[in-house]
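Have a look at the structure below before the remarks.
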Amino acid sequence: MNQSNQNLTPMMAQYMEIKSQHQDALLFYRMGDFYEMFFDDAVDASEALDIALTKRGKTNNMDIPMCGVPVHAADQYLQLLIRKGFRVAVCEQTEDPSEARKRGNKAIVKREVIRVITPGTLTEDSLLTADQNNYIAAIHQIRKSVAMAWADISSGSFHVTSFPLVNLASQLSRISPREVIYPETYSAQILGIVRETADSLTPLSDVHFDSRMAKRNLSEMYEVATLDSFGQFNRSELACLGAIVAYLEITQQGKIPKLQFPSREKSEDTLQIDAATRKNLEITRNLSGGKNNTLLSVLDKTRTASGARMLERWLANPSTNIGLIAKRQNEVETFYLQSDSRREIRDKLKMVPDLQRSLSRLALERGGPRDLNVIKTGIKQAFLINQEVSVIDGISEQLKASLELLANLEGLAQDLSQALMPNVPLGTRDGDFIAKGFDEELDETRKLRDETRVVIAELEKKYAQLADIPRLKVRFNKLLGYYVETPSSFYSKMVSQPLSDTFIHRQSTSTACRFTSKELSDLESRIVNAQQKTVEIEVKLFEQFREAILAQANDIFFIAQTLSEMDIIATLAEIAHTNNWCKPVLDESCDLEIVAGRHPVVEESLRKNNQTPFVTNDCNISDEGRIILLTGPNMAGKSTFLRQNALLALLAQIGSYVPAKKARIGIISQLFCPVGHGDDLA
């Protein structure tokens with residue numbers, strides 16, 4: 001890549017200058033309808049994407065390697081590159097070519113990197129998995145203590161915690177971050193632990209882990225004088241929070257996503273599960289890394305993508321707070337007892353789109369009309385769900401109070417309903433997403449645009465009669481604009497008197513001849529102006545709605561969280577009702593009493609395959625006996641029994657019912673389950 005700019009074309013010199021600022025990433029350099037890559041980037045990308053490696057020009061008498069991907073299909077290539085561990089800097093044209101031409105015929109269009117795409121900074125639906133969180137984490141160590149902050153910029157969640165260094169592996173396995181950022185001076189020992197869990201590791205200058213700078217930057221981001229209302233953060237926690245914000249500002253080129261207020265998690269409020277136990281219990285991932293035959297696969301009958309993501313968080317972080325567990329249990333019981341209301345609410349939840357991810361894209365200025373439609377539909381569905389919830393006895397006051405925030409969003413929902421077409425395009429510049437009658441100026445401009453289309457058809461008819469050529473057509477392309485086209489056999493007639501007085505020859509191909517006229521050129525100017533103005537008005541209205549949505553982002557986030565929680569509660573009630581699960585009793589004792597317990601995953605597998613029902617078994621650990629000695633031959637069910645009771649305790653501590661006839665469980669602070677790695681129970 002160390003090429004002298006003296007023997008490079010102006011375009012390639014511009015490429016080299018931009019690439020020098022992003023040495024650690026592949027540079028997607030926009031040229032027309034393609035993202036092009038050159039030199040080593042081209043070699044690496046062509047191999048990773050299995051696309052052709054070509055060449056463009058020379059430098060130092062050597063060919064310059066080149067490859068490219070079409071802009072319209074870029075997401076699928078980005079997905080492959082990110083999965084293979086690459087970072088991608090996206091470089092776009094930042095001015096119109098006509099502006100460049102004003103500086104001279106050889107002037108090149110200005111280009112800038114608009115974002116750097118990394119595993120932890122994805123926001124596009126095409127690059128994300130709808131029902132999984134996409135976390136970026138930051139870690140910071142002071143002596144034997146570690147702080148960790150993590151965020152999902154696609155949904156806005158933002159958390160931080162502290163723990164002893166020995167718990168680093170288990171904490172990372174709990175979060176499963178796609179990318180971990182760390183101070184560049186970190187020791188190899190700690191990085192070795194991180195590499196076992198994280199998909200991607202990114203060093204960051206130690207200056208970005210400065211707690212004082214973090215405090216200042218966070219206060220500015222949230223527009224508060226002090227962070228005290230968010231909780232008490234130690235210096236290491238502030239360093240991690242600040243590092244994530246700094247990294248996002250770097251990769252998003254100054255655009256900060258809409259992150260919720262940072263939430264501090266206390267390790268004593270969460271059931272601690274080490275990495276080996278988490279893996280062996282197959283809570284959210286099976287031993288092969290997939291989702292099949294896991295506890296999550298049994299429970300995930302949620303109706304919303306955000307509900308599925310929250311359910312996975314609950315399973316990864318069972319609570320030890322008996323008050324929170326009791327609240328969830330009581331809400332599950334309420335839905336369990338009211339089957340009709342439960343079905344109605346679940347049917348309506350099915351129509352709730354992903355509010356969180358649309359809100360994040362709008363905040364990063366990557367959203368489009370469909371994201372406006374998501375916000376509109378989500379709020380409208382929330383109103384319908386609130387009507388159902390308001391008449392249910394037993395729903396917690398906290399849940400009802402959360403939905404009362406909808407009153408703040410009623411005006412926004414009405415405006416969006418009036419403004420948006422039933423079917424909206426993906427991009428703002430595709431146009432035609434604002435409904436007729438919403439904006440008077442837009443209606444008038446559209447009328448002019450649409451009427452000129454009729455005029456084009458009339459002009460085509462007029463010219464066909466004038467030339468006496470029935471096959472004459474008025475067509476359009478980006479190079480010529482509007483033009484008259486006839487079969488090539490009529491060329492002599494069109495360039496001879498009297499037709500040559502009207503038609504001016506532009507281009508010939510093997511099958512057709514193309515002409516223009518003064519009348520057609522004038523008409524084209526009117527059409528282009530009307531089309532451009534229509535797009536400009538719609539883009540302006542889109543920006544107004546985007547700002548209005550972001551002004552109420554906190555309420556929308558809170559409603560989305562409430563709907564996700566309700567989705568989980570209703571789902572757990574549905575599963576308990578369908579599978580005959582019981583409500584466990586939780587207390588502060590050290591007892592574990594299970595009557596007729598069943599392994600939830602094995603039972604589900606047997607049911608799906610129409611096999612013999614699961615044979616229930618009991619477990620009693622109390623003052624009468626704190627140790628169970630379990631013996632038996634291979635494949636006798638020892639591992640099943642061990643995992644079954646661990647999963648029942650875990651289920652109880654997320655607030656769920658459990659597969660048993662009766663259960664009493666003392667709150668568990670830590671869970672261990674070291675069983676054989678080769679056991680595939682389901």
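Starting from 1 in every chain, residues are counted up; chains themselves are A, B, ... following the order of the structure tokens, and ligands are numbered from 1 as listed.
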
task: List every residue of stretch 138-349 of chain A that DSSP, applied to the backbone, labels as strand (DSSP E or B), and write the result as a PyMOL selection string.
output: chain A and resi 138-142+145-152+157-164+179-183+200-204+263-264+270+272-273+319

Output N, CA and C atoms for every residue in that selection, as a tab-separated table (two decimals), in the first residue's frame.
```
chain	number	residue	atom	x	y	z
A	138	ALA	N	-16.99	-3.09	26.37
A	138	ALA	CA	-15.69	-2.50	26.72
A	138	ALA	C	-15.30	-3.02	28.09
A	139	ILE	N	-14.03	-3.39	28.26
A	139	ILE	CA	-13.56	-3.88	29.55
A	139	ILE	C	-12.41	-3.02	30.04
A	140	HIS	N	-12.33	-2.88	31.37
A	140	HIS	CA	-11.27	-2.08	31.98
A	140	HIS	C	-10.90	-2.69	33.32
A	141	GLN	N	-9.63	-2.90	33.53
A	141	GLN	CA	-9.16	-3.58	34.75
A	141	GLN	C	-8.40	-2.63	35.65
A	142	ILE	N	-8.70	-2.69	36.94
A	142	ILE	CA	-7.88	-2.04	37.96
A	142	ILE	C	-7.55	-3.10	39.00
A	145	SER	N	-9.87	-6.26	39.90
A	145	SER	CA	-11.28	-5.97	39.61
A	145	SER	C	-11.43	-5.52	38.15
A	146	VAL	N	-12.53	-5.92	37.55
A	146	VAL	CA	-12.80	-5.58	36.15
A	146	VAL	C	-14.16	-4.91	36.05
A	147	ALA	N	-14.23	-3.87	35.24
A	147	ALA	CA	-15.52	-3.27	34.89
A	147	ALA	C	-15.81	-3.61	33.44
A	148	MET	N	-17.08	-3.77	33.13
A	148	MET	CA	-17.48	-4.06	31.76
A	148	MET	C	-18.76	-3.29	31.44
A	149	ALA	N	-18.74	-2.57	30.34
A	149	ALA	CA	-19.95	-1.91	29.82
A	149	ALA	C	-20.29	-2.56	28.49
A	150	TRP	N	-21.57	-2.63	28.19
A	150	TRP	CA	-21.97	-3.20	26.90
A	150	TRP	C	-23.22	-2.49	26.39
A	151	ALA	N	-23.30	-2.40	25.07
A	151	ALA	CA	-24.42	-1.70	24.43
A	151	ALA	C	-24.81	-2.43	23.16
A	152	ASP	N	-26.08	-2.33	22.83
A	152	ASP	CA	-26.58	-2.80	21.54
A	152	ASP	C	-27.09	-1.56	20.82
A	157	SER	N	-29.92	-0.38	24.09
A	157	SER	CA	-29.65	-0.79	25.47
A	157	SER	C	-28.21	-0.47	25.84
A	158	PHE	N	-27.98	-0.15	27.13
A	158	PHE	CA	-26.66	0.30	27.58
A	158	PHE	C	-26.52	-0.09	29.05
A	159	HIS	N	-25.52	-0.93	29.37
A	159	HIS	CA	-25.38	-1.47	30.73
A	159	HIS	C	-23.93	-1.42	31.17
A	160	VAL	N	-23.72	-1.54	32.48
A	160	VAL	CA	-22.37	-1.59	33.03
A	160	VAL	C	-22.40	-2.38	34.33
A	161	THR	N	-21.29	-3.04	34.65
A	161	THR	CA	-21.17	-3.78	35.90
A	161	THR	C	-19.70	-3.92	36.27
A	162	SER	N	-19.44	-4.36	37.50
A	162	SER	CA	-18.08	-4.65	37.95
A	162	SER	C	-18.06	-6.02	38.61
A	163	PHE	N	-16.89	-6.67	38.57
A	163	PHE	CA	-16.78	-8.01	39.13
A	163	PHE	C	-15.31	-8.35	39.31
A	164	PRO	N	-14.99	-9.38	40.10
A	164	PRO	CA	-13.60	-9.81	40.26
A	164	PRO	C	-13.04	-10.34	38.94
A	179	GLU	N	-18.29	-7.88	19.72
A	179	GLU	CA	-17.02	-7.16	19.64
A	179	GLU	C	-16.67	-6.63	21.02
A	180	VAL	N	-15.39	-6.73	21.38
A	180	VAL	CA	-14.92	-6.21	22.67
A	180	VAL	C	-13.81	-5.20	22.41
A	181	ILE	N	-13.96	-4.00	22.99
A	181	ILE	CA	-12.90	-3.01	22.90
A	181	ILE	C	-12.16	-2.97	24.24
A	182	TYR	N	-10.86	-2.72	24.18
A	182	TYR	CA	-10.04	-2.79	25.39
A	182	TYR	C	-8.88	-1.81	25.25
A	183	PRO	N	-8.30	-1.36	26.37
A	183	PRO	CA	-7.13	-0.47	26.29
A	183	PRO	C	-5.98	-1.16	25.57
A	200	SER	N	-14.77	-10.64	18.07
A	200	SER	CA	-13.82	-9.67	17.54
A	200	SER	C	-13.27	-8.82	18.68
A	201	LEU	N	-11.96	-8.60	18.67
A	201	LEU	CA	-11.30	-7.76	19.68
A	201	LEU	C	-10.73	-6.52	19.01
A	202	THR	N	-10.95	-5.37	19.62
A	202	THR	CA	-10.49	-4.11	19.03
A	202	THR	C	-9.75	-3.28	20.08
A	203	PRO	N	-8.46	-3.03	19.88
A	203	PRO	CA	-7.73	-2.18	20.81
A	203	PRO	C	-8.12	-0.71	20.61
A	204	LEU	N	-8.14	0.04	21.69
A	204	LEU	CA	-8.49	1.46	21.65
A	204	LEU	C	-7.49	2.20	22.51
A	263	SER	N	-27.53	1.60	32.58
A	263	SER	CA	-28.09	0.88	33.72
A	263	SER	C	-26.97	0.08	34.40
A	264	ARG	N	-26.79	0.31	35.71
A	264	ARG	CA	-25.75	-0.40	36.44
A	264	ARG	C	-26.32	-1.68	37.04
A	270	THR	N	-27.95	-11.05	40.36
A	270	THR	CA	-28.04	-11.99	39.24
A	270	THR	C	-27.49	-13.35	39.65
A	272	GLN	N	-25.31	-16.27	39.37
A	272	GLN	CA	-24.00	-16.41	38.74
A	272	GLN	C	-23.86	-17.81	38.13
A	273	ILE	N	-23.52	-17.83	36.85
A	273	ILE	CA	-23.35	-19.10	36.13
A	273	ILE	C	-22.02	-19.04	35.40
A	319	SER	N	-32.65	-13.76	37.92
A	319	SER	CA	-32.57	-12.82	39.05
A	319	SER	C	-32.45	-13.55	40.38
```

Please report as JSON lines every residue of stretch 527-621 of chain A lying within 12 Å of stretch 515-522 of chain A, along with the nearest atom pair and their distance in Å (one decimal), using only C-alpha atoms.
```
{"residue": "A:Ile527", "atom": "CA", "partner": "A:Asp522", "partner_atom": "CA", "distance": 8.9}
{"residue": "A:Val528", "atom": "CA", "partner": "A:Asp522", "partner_atom": "CA", "distance": 10.2}
{"residue": "A:Asn529", "atom": "CA", "partner": "A:Asp522", "partner_atom": "CA", "distance": 11.0}
```

Keeping only C-alpha atoms, write the selected residues as a PDB file, in the first residue's frame.
```
ATOM      1  CA  ILE A 527     -40.343  17.249 -15.700  1.00  0.00           C
ATOM      2  CA  VAL A 528     -36.914  17.047 -14.061  1.00  0.00           C
ATOM      3  CA  ASN A 529     -37.568  20.155 -11.978  1.00  0.00           C
TER       4      ASN A 529
END
```

Leaving out A:Gln23 and any residue of its chain fewer than 3 positions from it, which residues lie within 10 Å of it when counting only C-alpha atoms, given as a PDB file with C-alpha atoms, in the first residue's frame?
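Listing of around.pdb after writing:
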```pdb
ATOM      1  CA  MET A   1       0.000   0.000   0.000  1.00  0.00           C
ATOM      2  CA  ILE A  18      -8.626   8.198   2.358  1.00  0.00           C
ATOM      3  CA  LYS A  19      -7.236   4.674   2.762  1.00  0.00           C
ATOM      4  CA  SER A  20      -4.262   6.023   4.752  1.00  0.00           C
ATOM      5  CA  LEU A  26     -11.324  -2.577   3.941  1.00  0.00           C
ATOM      6  CA  LEU A  27     -12.241   0.620   2.088  1.00  0.00           C
ATOM      7  CA  ASP A  41      -8.003  -4.624  -0.016  1.00  0.00           C
ATOM      8  CA  ALA A  89     -14.960   1.725   5.969  1.00  0.00           C
TER       9      ALA A  89
END
```

Between stretch 571-618 of chain A and stretch 296-302 of chain A, at 10 Å or less, what are the per-residue closest atom pairs and their distances in Å? Count only C-alpha atoms, order by chain and rising residue number, and return it as CSV.
```
residue,atom,partner,partner_atom,distance
A:Thr571,CA,A:Thr302,CA,5.7
A:Leu572,CA,A:Leu299,CA,7.1
A:Glu574,CA,A:Lys301,CA,8.7
A:Ile575,CA,A:Leu299,CA,7.3
A:Ala576,CA,A:Leu299,CA,9.9
A:Pro600,CA,A:Val298,CA,7.2
A:Val601,CA,A:Val298,CA,6.3
A:Val602,CA,A:Val298,CA,9.7
A:Glu603,CA,A:Val298,CA,9.7
A:Glu604,CA,A:Val298,CA,7.0
A:Ser605,CA,A:Val298,CA,9.2
```

Residues of the last selection are to be written out with C-alpha atoms, as a compact mmCIF listing (two decimals), in the first residue's frame.
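Written out: result-v1.txt:
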```
# COMPACT_ATOMS: atom_id res chain seq x y z
CA THR A 571 -45.57 -16.38 26.29
CA LEU A 572 -44.52 -17.96 29.60
CA GLU A 574 -49.08 -19.80 27.27
CA ILE A 575 -46.31 -22.39 27.64
CA ALA A 576 -47.28 -23.12 31.26
CA PRO A 600 -38.18 -29.08 29.64
CA VAL A 601 -36.00 -29.65 26.55
CA VAL A 602 -36.10 -33.45 26.60
CA GLU A 603 -39.86 -33.43 27.19
CA GLU A 604 -40.35 -31.08 24.24
CA SER A 605 -38.19 -33.26 22.00
```

query: So how many Å separate atom CA of A:Asp125 and atom CA of A:Tyr77, to one decimal?
result: 14.1 Å

message: Need the shell around A:Thr509: protein/DNA/RNA residues with any atom at most 10 Å away, counting only C-alpha atoms. Skip same-chain ones fewer than 5 positions apart. Format as a PyMOL selection string?
response: chain A and resi 487-488+514

Set the distance at 10 Å and use only C-alpha atoms: which residues neighbour A:Glu365 once local chain neighbours fewer than 2 positions away are removed? I'd like the list as a PDB file with N, CA and C atoms, in the first residue's frame.
```pdb
ATOM      1  N   LYS A 255     -21.734  10.644  14.441  1.00  0.00           N
ATOM      2  CA  LYS A 255     -23.159  10.416  14.710  1.00  0.00           C
ATOM      3  C   LYS A 255     -23.284   9.413  15.865  1.00  0.00           C
ATOM      4  N   ILE A 256     -23.886   9.845  16.950  1.00  0.00           N
ATOM      5  CA  ILE A 256     -24.038   8.979  18.124  1.00  0.00           C
ATOM      6  C   ILE A 256     -25.423   8.347  18.115  1.00  0.00           C
ATOM      7  N   PRO A 257     -25.514   7.020  18.266  1.00  0.00           N
ATOM      8  CA  PRO A 257     -26.835   6.380  18.308  1.00  0.00           C
ATOM      9  C   PRO A 257     -27.614   6.795  19.539  1.00  0.00           C
ATOM     10  N   LEU A 359     -35.920   3.007  15.623  1.00  0.00           N
ATOM     11  CA  LEU A 359     -35.563   4.233  16.340  1.00  0.00           C
ATOM     12  C   LEU A 359     -34.052   4.466  16.277  1.00  0.00           C
ATOM     13  N   SER A 360     -33.279   3.406  16.413  1.00  0.00           N
ATOM     14  CA  SER A 360     -31.821   3.529  16.345  1.00  0.00           C
ATOM     15  C   SER A 360     -31.370   3.990  14.962  1.00  0.00           C
ATOM     16  N   ARG A 361     -31.953   3.419  13.908  1.00  0.00           N
ATOM     17  CA  ARG A 361     -31.576   3.834  12.546  1.00  0.00           C
ATOM     18  C   ARG A 361     -31.941   5.300  12.303  1.00  0.00           C
ATOM     19  N   LEU A 362     -33.091   5.721  12.792  1.00  0.00           N
ATOM     20  CA  LEU A 362     -33.489   7.115  12.618  1.00  0.00           C
ATOM     21  C   LEU A 362     -32.515   8.044  13.340  1.00  0.00           C
ATOM     22  N   ALA A 363     -32.052   7.655  14.519  1.00  0.00           N
ATOM     23  CA  ALA A 363     -31.110   8.485  15.273  1.00  0.00           C
ATOM     24  C   ALA A 363     -29.773   8.607  14.551  1.00  0.00           C
ATOM     25  N   GLY A 367     -32.226   5.823   8.661  1.00  0.00           N
ATOM     26  CA  GLY A 367     -33.595   5.341   8.526  1.00  0.00           C
ATOM     27  C   GLY A 367     -34.238   5.803   7.237  1.00  0.00           C
ATOM     28  N   GLY A 368     -35.412   5.254   6.976  1.00  0.00           N
ATOM     29  CA  GLY A 368     -36.171   5.619   5.786  1.00  0.00           C
ATOM     30  C   GLY A 368     -37.656   5.635   6.089  1.00  0.00           C
ATOM     31  N   GLU A 543     -37.561  14.486   7.356  1.00  0.00           N
ATOM     32  CA  GLU A 543     -36.678  15.009   8.400  1.00  0.00           C
ATOM     33  C   GLU A 543     -37.481  15.594   9.554  1.00  0.00           C
ATOM     34  N   ARG A 546     -38.676  12.676  11.515  1.00  0.00           N
ATOM     35  CA  ARG A 546     -37.548  12.048  12.215  1.00  0.00           C
ATOM     36  C   ARG A 546     -37.224  12.820  13.493  1.00  0.00           C
TER      37      ARG A 546
END
```

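Near A:Trp581, within 7 Å and counting only C-alpha atoms, sit A:Ala576, A:His577, A:Tyr657, A:Val658, A:Pro659, A:Ala660, not including residues fewer than 3 positions from it in the same chain.
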
Export, as a compact mmCIF listing (two decimals), in the first residue's frame, the selected residues with N, CA and C atoms.
```
# COMPACT_ATOMS: atom_id res chain seq x y z
N ALA A 576 -46.87 -22.46 30.01
CA ALA A 576 -47.28 -23.12 31.26
C ALA A 576 -48.65 -23.75 31.12
N HIS A 577 -49.57 -23.04 30.46
CA HIS A 577 -50.93 -23.55 30.27
C HIS A 577 -50.94 -24.76 29.34
N TYR A 657 -43.15 -20.30 35.31
CA TYR A 657 -43.61 -21.57 35.85
C TYR A 657 -42.58 -22.63 35.48
N VAL A 658 -42.69 -23.83 36.10
CA VAL A 658 -41.70 -24.88 35.85
C VAL A 658 -42.41 -26.20 35.53
N PRO A 659 -41.76 -27.08 34.74
CA PRO A 659 -42.36 -28.37 34.40
C PRO A 659 -42.28 -29.35 35.57
N ALA A 660 -43.24 -29.30 36.45
CA ALA A 660 -43.29 -30.18 37.63
C ALA A 660 -44.71 -30.15 38.18
```

field: Among the residues A:Ile628, A:Ile117, A:Thr197, A:Thr284, the one that comes closest to A:Leu647 [using only C-alpha atoms]
entry: A:Thr284

- request: For A:Thr294, work out the shell of residues within 6 Å, counting only C-alpha atoms and skipping chain neighbours fewer than 5 positions away, then give it as number ranges by chain.
  value: A: 282-284, 286

Restricted to N, CA and C atoms, what would the selected residues look like written as a short mmCIF file (atom, residue, chain, number, x, y, z; two decimals), in the first residue's frame?
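part_31.cif was written with the following content:
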```
data_model
loop_
_atom_site.label_atom_id
_atom_site.label_comp_id
_atom_site.auth_asym_id
_atom_site.auth_seq_id
_atom_site.Cartn_x
_atom_site.Cartn_y
_atom_site.Cartn_z
N GLU A 282 -26.90 -25.79 28.11
CA GLU A 282 -27.49 -25.46 26.80
C GLU A 282 -28.71 -24.53 27.00
N ILE A 283 -28.44 -23.41 27.65
CA ILE A 283 -29.51 -22.47 27.98
C ILE A 283 -29.98 -21.73 26.73
N THR A 284 -29.04 -21.07 26.06
CA THR A 284 -29.41 -20.33 24.84
C THR A 284 -28.72 -20.89 23.60
N ASN A 286 -26.80 -24.62 22.02
CA ASN A 286 -26.45 -26.01 22.27
C ASN A 286 -24.94 -26.21 22.15
#
```

message: Can you tell me, as number ranges by chain, which residues in stretch 422-528 of chain A count as alpha helix (DSSP H) by DSSP?
response: A: 440-467, 491-494, 518-528

With N, CA and C atoms retained, export the selected residues as a compact mmCIF listing (two decimals), in the first residue's frame.
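again-v4.txt, written as the output of this step:
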```txt
# COMPACT_ATOMS: atom_id res chain seq x y z
N GLU A 440 -49.93 20.62 0.94
CA GLU A 440 -50.47 21.29 -0.25
C GLU A 440 -49.40 21.51 -1.31
N GLU A 441 -48.22 21.97 -0.91
CA GLU A 441 -47.15 22.22 -1.87
C GLU A 441 -46.74 20.94 -2.59
N LEU A 442 -46.67 19.83 -1.84
CA LEU A 442 -46.31 18.55 -2.44
C LEU A 442 -47.37 18.11 -3.44
N ASP A 443 -48.63 18.29 -3.10
CA ASP A 443 -49.72 17.90 -4.02
C ASP A 443 -49.61 18.66 -5.33
N GLU A 444 -49.32 19.96 -5.25
CA GLU A 444 -49.22 20.77 -6.47
C GLU A 444 -48.03 20.33 -7.33
N THR A 445 -46.92 20.05 -6.69
CA THR A 445 -45.72 19.62 -7.44
C THR A 445 -45.94 18.25 -8.07
N ARG A 446 -46.58 17.36 -7.34
CA ARG A 446 -46.88 16.04 -7.91
C ARG A 446 -47.81 16.16 -9.11
N LYS A 447 -48.78 17.06 -9.01
CA LYS A 447 -49.73 17.24 -10.11
C LYS A 447 -48.99 17.65 -11.38
N LEU A 448 -48.05 18.59 -11.23
CA LEU A 448 -47.25 19.02 -12.37
C LEU A 448 -46.44 17.85 -12.92
N ARG A 449 -45.80 17.09 -12.01
CA ARG A 449 -44.99 15.94 -12.44
C ARG A 449 -45.84 14.90 -13.18
N ASP A 450 -46.98 14.58 -12.62
CA ASP A 450 -47.82 13.53 -13.20
C ASP A 450 -48.47 13.97 -14.50
N GLU A 451 -48.81 15.26 -14.59
CA GLU A 451 -49.43 15.74 -15.83
C GLU A 451 -48.43 15.76 -16.97
N THR A 452 -47.16 16.05 -16.67
CA THR A 452 -46.16 16.03 -17.73
C THR A 452 -45.94 14.63 -18.28
N ARG A 453 -46.21 13.62 -17.46
CA ARG A 453 -46.13 12.24 -17.96
C ARG A 453 -47.19 12.03 -19.05
N VAL A 454 -48.36 12.59 -18.81
CA VAL A 454 -49.42 12.50 -19.82
C VAL A 454 -49.01 13.25 -21.07
N VAL A 455 -48.35 14.41 -20.88
CA VAL A 455 -47.91 15.21 -22.03
C VAL A 455 -46.89 14.43 -22.86
N ILE A 456 -46.00 13.67 -22.19
CA ILE A 456 -45.02 12.85 -22.92
C ILE A 456 -45.73 11.86 -23.84
N ALA A 457 -46.77 11.23 -23.32
CA ALA A 457 -47.53 10.27 -24.12
C ALA A 457 -48.20 10.96 -25.31
N GLU A 458 -48.72 12.17 -25.07
CA GLU A 458 -49.36 12.91 -26.17
C GLU A 458 -48.33 13.35 -27.21
N LEU A 459 -47.13 13.75 -26.73
CA LEU A 459 -46.07 14.16 -27.66
C LEU A 459 -45.61 12.98 -28.51
N GLU A 460 -45.52 11.81 -27.89
CA GLU A 460 -45.13 10.61 -28.63
C GLU A 460 -46.13 10.34 -29.75
N LYS A 461 -47.40 10.47 -29.44
CA LYS A 461 -48.45 10.25 -30.45
C LYS A 461 -48.34 11.28 -31.57
N LYS A 462 -48.09 12.53 -31.19
CA LYS A 462 -47.96 13.62 -32.17
C LYS A 462 -46.78 13.37 -33.11
N TYR A 463 -45.62 13.00 -32.56
CA TYR A 463 -44.43 12.78 -33.37
C TYR A 463 -44.58 11.54 -34.27
N ALA A 464 -45.26 10.52 -33.76
CA ALA A 464 -45.48 9.32 -34.58
C ALA A 464 -46.32 9.65 -35.81
N GLN A 465 -47.33 10.53 -35.61
CA GLN A 465 -48.17 10.94 -36.74
C GLN A 465 -47.40 11.86 -37.68
N LEU A 466 -46.58 12.79 -37.11
CA LEU A 466 -45.82 13.72 -37.93
C LEU A 466 -44.83 12.98 -38.83
N ALA A 467 -44.16 11.99 -38.28
CA ALA A 467 -43.15 11.25 -39.04
C ALA A 467 -43.75 10.08 -39.81
N TYR A 491 -33.75 5.86 -40.42
CA TYR A 491 -32.74 6.90 -40.22
C TYR A 491 -32.76 7.94 -41.34
N SER A 492 -32.72 7.49 -42.60
CA SER A 492 -32.66 8.42 -43.74
C SER A 492 -33.86 9.35 -43.75
N LYS A 493 -35.00 8.82 -43.43
CA LYS A 493 -36.23 9.63 -43.43
C LYS A 493 -36.16 10.70 -42.34
N MET A 494 -35.64 10.34 -41.15
CA MET A 494 -35.63 11.25 -40.02
C MET A 494 -34.62 12.39 -40.20
N LYS A 518 -36.40 20.59 -29.77
CA LYS A 518 -36.43 21.70 -28.82
C LYS A 518 -37.63 21.55 -27.87
N GLU A 519 -38.75 21.12 -28.42
CA GLU A 519 -39.95 20.96 -27.61
C GLU A 519 -39.74 19.89 -26.54
N LEU A 520 -39.08 18.78 -26.92
CA LEU A 520 -38.84 17.70 -25.97
C LEU A 520 -37.84 18.15 -24.89
N SER A 521 -36.82 18.91 -25.26
CA SER A 521 -35.84 19.40 -24.29
C SER A 521 -36.48 20.32 -23.26
N ASP A 522 -37.36 21.21 -23.74
CA ASP A 522 -38.06 22.12 -22.81
C ASP A 522 -38.95 21.33 -21.85
N LEU A 523 -39.64 20.35 -22.40
CA LEU A 523 -40.53 19.54 -21.57
C LEU A 523 -39.73 18.75 -20.54
N GLU A 524 -38.55 18.25 -20.94
CA GLU A 524 -37.71 17.49 -20.02
C GLU A 524 -37.28 18.35 -18.83
N SER A 525 -36.96 19.60 -19.08
CA SER A 525 -36.55 20.51 -17.99
C SER A 525 -37.67 20.66 -16.98
N ARG A 526 -38.91 20.80 -17.46
CA ARG A 526 -40.04 20.95 -16.55
C ARG A 526 -40.26 19.68 -15.73
N ILE A 527 -40.12 18.53 -16.39
CA ILE A 527 -40.34 17.25 -15.70
C ILE A 527 -39.28 17.04 -14.62
N VAL A 528 -38.01 17.26 -15.01
CA VAL A 528 -36.91 17.05 -14.06
C VAL A 528 -37.06 17.96 -12.85
```

message: Between atom CA of A:Gly655 and atom CA of A:Asn610, what distance in Å does the model show, to one decimal?
response: 29.3 Å

task: Rank A:Asn105, A:Thr54, A:Ser417, A:Ser656 by their smallest atom-to-atom distance to A:Lys327, using only C-alpha atoms, and report the top residue only.
output: A:Ser656

- request: Record the distance separating atom CA of A:Ser170 and atom CA of A:Cys240, expressed in Å with one decimal.
  value: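 Separating atom CA of A:Ser170 from atom CA of A:Cys240 is a distance of 18.2 Å.
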
- line: Across A:Val539, A:Cys513, A:Ser187, A:Phe557, the smallest distance to A:Asp354, with only C-alpha atoms counted, is shown by A:Phe557

- request: Could you check which of A:Asp50, A:Glu593, A:Glu112, A:Glu312 is closest to A:Ser176, using only C-alpha atoms?
  value: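 Among A:Asp50, A:Glu593, A:Glu112, A:Glu312, it is A:Glu312 that comes nearest to A:Ser176.
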